[in-house]
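Visitor: Handing you a structure now.
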Amino acid sequence: MPYHINDHLRSVNFPPISEVKEWLAARPEEGPELIDLCQAVPDYAPAPELINHLKVLLDEPTTSRYTPDEGLPEVRRAVCDRYKRRYAAKMEPNQLCLTAGASQAFWLAIMTLCHAGDEVILQAPCYFDHPMALESLRIKPVFAPFDEERKGLPDPAVINRLITPRTRAILLVTPSNPTGASIPPALLTELYLLARKHRIALVLDETYADFVASQPHELFTIPDWHSTLVQIMSFGKTYALTGYRAGLLAASDEMIRQALKIQDSMVVCQPRITQMALKYGVENLDDWVDANRLLMDFRHSLFVHAFTQPGNHFRLVASGSFFAWVRHPFSRLTGRQAAKKMLDEAGILCLGGEVFGPGLEGYLRLALGNISKEIIPEAARRFRSIPI
Ligand SMILES: Cc1ncc(COP(=O)(O)O)c(C=O)c1O
């Protein structure tokens, strides 16, 4: 190879979804029909009225142009209005930057908060992209261990013990990927106060927040929420627009101002067509979002019912609309090996637990976004019938 690749990156885990998709390519054709429980993507289409709205905009010359780095003012205003409805938020447009998905919002957040060598506390099991990004930037992920009894919910006393002078943030995902569990609002307030006491950020990734019926928390009602809270949001799942890369970063105006240096040099702006889609969504689709939340809720209850019938050696530890976190019965196999076995012998594609943090080889993550109600009983049957 003629040029040098950053050696440090070789020590960072490979994206797990790409890894299991590589298994698929090598799969013999005669196996059972695939049930894909691997990626958290809603299987339904975006709202038809949203698509029709965008079709008209495609003919307008401005649609193909850049926008301001942080996004169009009218879109950020419309998003703020939605946060007022959803969170009773005291939020202004200059506290928002629209991003290419929650993924890019996360990069903005950590690059603005941390230097190489700093520490970020994550609750295990954590979303695999988070340690991947932190490690790529030589920021140390410090894992709060998974506690099965708490269904992976963070314990403020445990987190408190992990805080050091190098800690810059507590990073939490609610509802969780991979457990599906939501952090109760009172516990989030406690964690917010803990972060505030230590003058570190509470970074909350709320990618799945729109799949929870009630107001997810009260943190945005605190007048100076932005002195501690940094929120990462994705509208990819909310509006079934994962390919549009619709996300945002919410933080203090000063943090957003500093983050714009990264934004400008990274993507310049969220694509304008995505901003148009987002504006349409936040102004018109609250009922559509509610209907899909109910659909996902319904699928989730069907799944829990089918999966927990007697005779299943896989144990459901925690779950929510998008995910189930399951203990597998193969004591000699890692999560990765158990996931491979499920693909080879049952045609089920899922992820091994260890990609969500150290010591989690005994678990599997099942993503429920892809399975329609017709397939759920068959998926549960395959878990039940695999020889152990
Ligand atoms: C917790 C969490 N954060 C962020 C993302 C990425 O979201 P986006 O597609 O908006 O970048 C995902 C996607 O699965 C996720 O599960």
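Ligands are numbered from 1 in the order shown, chains are lettered A, B, ... in the order of the structure tokens, and residues start at 1 in each chain.
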Around ligand 1, at most 8 Å away and counting only C-alpha atoms and all ligand atoms, which residues are there? Put them as JSON, numbers by chain, please.

Guide: {"A": [39, 40, 41, 100, 101, 102, 103, 104, 105, 106, 127, 129, 173, 174, 176, 177, 178, 205, 206, 207, 208, 232, 233, 234, 235, 236, 237, 242, 243, 245, 246, 247]}

Visitor: Just C-alpha atoms for this one: save the residues we selected as a compact mmCIF listing (two decimals), in the first residue's frame.

Guide:
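Once written, again35.txt looks like this:
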# COMPACT_ATOMS: atom_id res chain seq x y z
CA GLN A 39 -30.89 -2.76 11.77
CA ALA A 40 -33.25 -0.28 13.42
CA VAL A 41 -35.03 1.04 10.36
CA ALA A 100 -26.62 15.00 8.65
CA GLY A 101 -28.35 12.60 11.01
CA ALA A 102 -27.91 12.12 14.73
CA SER A 103 -24.59 10.50 13.84
CA GLN A 104 -23.07 13.78 12.68
CA ALA A 105 -24.67 15.64 15.61
CA PHE A 106 -22.78 13.25 17.88
CA TYR A 127 -24.96 2.31 20.99
CA ASP A 129 -21.25 3.99 17.07
CA VAL A 173 -29.30 7.03 25.01
CA THR A 174 -33.01 7.08 25.83
CA SER A 176 -31.92 2.85 24.65
CA ASN A 177 -30.39 1.24 21.64
CA PRO A 178 -29.94 -1.73 22.29
CA ASP A 205 -29.16 10.84 22.36
CA GLU A 206 -32.94 10.71 21.88
CA THR A 207 -33.10 9.16 18.43
CA TYR A 208 -36.15 7.05 19.44
CA ILE A 232 -28.74 14.71 19.89
CA MET A 233 -31.84 13.97 17.90
CA SER A 234 -32.63 12.05 14.75
CA PHE A 235 -35.74 12.54 12.65
CA GLY A 236 -34.78 9.55 10.53
CA LYS A 237 -36.92 7.14 12.54
CA THR A 242 -33.27 7.48 7.54
CA GLY A 243 -31.66 8.01 4.12
CA ARG A 245 -29.88 12.04 7.17
CA ALA A 246 -32.09 14.28 9.30
CA GLY A 247 -30.65 15.08 12.72

Visitor: In region 101-272 of chain A, what's strand (DSSP E or B) per DSSP? Answer as an NGL selection string?

Guide: :A and (119-123 or 140-144 or 167-173 or 201-205 or 229-234 or 246-250)

Visitor: So that each row is one residue of region 18-116 of chain A with an atom at most 8 Å from region 256-273 of chain A, can you give its shortest atom pair and the distance in Å to one decimal, using only C-alpha atoms, rows by chain and rising number, as a Markdown table?

Guide:
| residue | atom | partner | partner_atom | distance |
| --- | --- | --- | --- | --- |
| A:Leu54 | CA | A:Ile273 | CA | 7.4 |
| A:Thr63 | CA | A:Arg272 | CA | 6.1 |
| A:Ser64 | CA | A:Arg272 | CA | 7.1 |
| A:Arg65 | CA | A:Arg272 | CA | 7.0 |
| A:Tyr66 | CA | A:Arg272 | CA | 6.6 |
| A:Thr67 | CA | A:Cys269 | CA | 6.3 |
| A:Pro68 | CA | A:Cys269 | CA | 6.6 |
| A:Asp69 | CA | A:Cys269 | CA | 4.5 |
| A:Glu70 | CA | A:Cys269 | CA | 6.3 |
| A:Gly71 | CA | A:Cys269 | CA | 6.3 |
| A:Asn94 | CA | A:Ile256 | CA | 7.5 |
| A:Gln95 | CA | A:Ile256 | CA | 6.4 |
| A:Leu96 | CA | A:Ile256 | CA | 6.8 |
| A:Cys97 | CA | A:Ile256 | CA | 6.6 |
| A:Leu98 | CA | A:Gln270 | CA | 5.8 |
| A:Thr99 | CA | A:Gln270 | CA | 5.0 |
| A:Ala100 | CA | A:Gln270 | CA | 5.2 |
| A:Leu108 | CA | A:Ala259 | CA | 5.7 |
| A:Ala109 | CA | A:Ala259 | CA | 7.3 |
| A:Met111 | CA | A:Ala259 | CA | 7.8 |
| A:Thr112 | CA | A:Ala259 | CA | 5.7 |

Visitor: So which bits of region 94-150 of chain A end up alpha helix (DSSP H) when you DSSP the backbone, as a VMD selection string?

Guide: chain A and resid 101 to 113 129 to 136

Visitor: Excluding Lys151 (chain A) and residues on its chain fewer than 3 positions from it, collect all residues at most 8 Å away from it, counting only C-alpha atoms, and give them as a ChimeraX atom specification.

Guide: /A:146-148,179,181,317-318

Visitor: Using only C-alpha atoms, what table do you get, as CSV, when you list each residue of region 92-175 of chain A with an atom no more than 6 Å from region 355-365 of chain A, its nearest pair of atoms, and their distance in Å rounded to one decimal, rows by chain then rising number?

Guide:
residue,atom,partner,partner_atom,distance
A:Ala124,CA,A:Gly357,CA,5.8
A:Pro125,CA,A:Phe356,CA,4.9
A:Cys126,CA,A:Phe356,CA,5.0
A:Tyr127,CA,A:Phe356,CA,5.9
A:Phe128,CA,A:Phe356,CA,5.2

Visitor: Show which residues sit within 12 Å of Ser331 (chain A), as a list in words. Count only C-alpha atoms, and ignore same-chain residues fewer than 2 positions away.

Guide: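 The contact residues come out as His313, Phe314, Arg327, His328, Pro329, Leu333, Thr334, Gly335, Gln337, Ala338, Glu361, Gly362, Tyr363 and Ile388 of chain A.
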
Visitor: Which is closer to Asp224 (chain A) than all the others in A:Leu187, A:Leu343, A:Ile159, A:Met91, using only C-alpha atoms?

Guide: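 Using only C-alpha atoms, Asp224 (chain A) sits closest to A:Met91.
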
Visitor: Find, counting only C-alpha atoms, the residue in A:Gly352, A:Glu283, A:Ile222, A:Lys197 that gets nearest to Lys340 (chain A).

Guide: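 Looking only at the distances to Lys340 (chain A), the closest residue turns out to be A:Gly352.
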
Visitor: Could you name the residues that touch Leu134 (chain A) at 10 Å or less, counting only C-alpha atoms, but leaving out those on the same chain fewer than 2 positions away, as a short mmCIF file (atom, residue, chain, number, x, y, z; two decimals) with N, CA and C atoms, in the first residue's frame?

Guide:
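Dumped to part.cif:
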data_model
loop_
_atom_site.label_atom_id
_atom_site.label_comp_id
_atom_site.auth_asym_id
_atom_site.auth_seq_id
_atom_site.Cartn_x
_atom_site.Cartn_y
_atom_site.Cartn_z
N VAL A 12 -9.79 0.20 16.25
CA VAL A 12 -11.20 0.54 16.53
C VAL A 12 -12.08 -0.53 15.87
N PHE A 106 -23.63 13.81 16.82
CA PHE A 106 -22.78 13.25 17.88
C PHE A 106 -21.32 13.67 17.69
N TRP A 107 -20.86 13.63 16.45
CA TRP A 107 -19.47 14.09 16.18
C TRP A 107 -19.31 15.55 16.56
N ILE A 110 -19.14 15.73 20.48
CA ILE A 110 -17.93 15.29 21.20
C ILE A 110 -16.70 16.08 20.78
N MET A 111 -16.66 16.49 19.52
CA MET A 111 -15.48 17.28 19.11
C MET A 111 -15.52 18.68 19.72
N CYS A 114 -14.71 17.76 23.81
CA CYS A 114 -13.57 16.96 24.30
C CYS A 114 -12.29 17.19 23.51
N ALA A 116 -8.54 15.01 22.70
CA ALA A 116 -7.99 13.65 22.77
C ALA A 116 -7.48 13.44 24.20
N ASP A 118 -9.39 12.94 26.82
CA ASP A 118 -10.49 13.15 27.77
C ASP A 118 -11.33 11.88 27.88
N GLU A 119 -12.23 11.89 28.85
CA GLU A 119 -13.08 10.70 29.08
C GLU A 119 -14.57 11.05 28.94
N VAL A 120 -15.31 10.09 28.42
CA VAL A 120 -16.76 10.22 28.35
C VAL A 120 -17.36 8.95 28.97
N ASP A 129 -21.94 2.89 17.76
CA ASP A 129 -21.25 3.99 17.07
C ASP A 129 -20.60 4.96 18.06
N HIS A 130 -21.12 5.01 19.28
CA HIS A 130 -20.57 5.99 20.23
C HIS A 130 -19.13 5.66 20.62
N PRO A 131 -18.85 4.44 21.13
CA PRO A 131 -17.42 4.17 21.41
C PRO A 131 -16.57 4.18 20.14
N MET A 132 -17.19 3.80 18.99
CA MET A 132 -16.42 3.80 17.74
C MET A 132 -15.93 5.22 17.42
N SER A 136 -12.08 6.56 17.79
CA SER A 136 -11.45 7.12 16.59
C SER A 136 -10.78 8.46 16.91
N LEU A 137 -11.39 9.19 17.83
CA LEU A 137 -10.86 10.52 18.20
C LEU A 137 -9.93 10.47 19.42
N ARG A 138 -9.60 9.26 19.85
CA ARG A 138 -8.72 9.06 21.02
C ARG A 138 -9.31 9.68 22.29
N ILE A 139 -10.63 9.64 22.37
CA ILE A 139 -11.31 10.03 23.61
C ILE A 139 -11.69 8.72 24.29
N LYS A 140 -11.49 8.64 25.61
CA LYS A 140 -11.63 7.34 26.26
C LYS A 140 -13.09 7.07 26.66
N PRO A 141 -13.70 5.99 26.12
CA PRO A 141 -15.03 5.63 26.63
C PRO A 141 -14.89 4.92 27.97
#

Visitor: Measure the distance from CA of Ile17 (chain A) to CA of Asn312 (chain A) in Å and round it to one decimal.

Guide: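 CA of Asn312 (chain A) lies 25.7 Å from CA of Ile17 (chain A).
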
Visitor: Extract, using only C-alpha atoms, all DNA, RNA and protein residues at most 8 Å from Leu34 (chain A), discarding same-chain residues fewer than 2 positions from it, and format them as JSON, numbers by chain.

Guide: {"A": [32, 36, 347, 348, 349]}

Visitor: Of the residues A:Ile5, A:Leu294, A:Ala250, A:Ile371, which is the one nearest to Lys90 (chain A), using only C-alpha atoms?

Guide: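 The shortest atom-to-atom distance to Lys90 (chain A) comes from A:Ala250.
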
Visitor: Need the shell around Gly180 (chain A): protein/DNA/RNA residues with any atom at most 9 Å away, counting only C-alpha atoms. Skip same-chain ones fewer than 6 positions apart. Format as a count of residues only?

Guide: 10

Visitor: Here is a test: counting only C-alpha atoms, which residue of A:His305, A:Arg384, A:Arg315, A:Arg76 is nearest to Met342 (chain A)?

Guide: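 With only C-alpha atoms as the atom set, the closest residue is A:Arg384.
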
Visitor: Which is closer to Gln275 (chain A) than all the others in A:Leu241, A:Ala213, A:Ile200, A:Ile170, using only C-alpha atoms?

Guide: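 Closest to Gln275 (chain A) of all the choices is A:Leu241.
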
Visitor: For Ala339 (chain A), which residue out of A:Lys21, A:Arg150, A:Arg168, A:Arg293 is the nearest one, using only C-alpha atoms?

Guide: A:Lys21

Visitor: So how far away is CA of Ser385 (chain A) from CA of Gly311 (chain A), in Å?

Guide: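 Distance reported for this atom pair: 8.7 Å.
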
Visitor: To one decimal in Å, tell me the separation between CA of Thr189 (chain A) and CA of Asp81 (chain A).

Guide: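 A separation of 22.6 Å between them.
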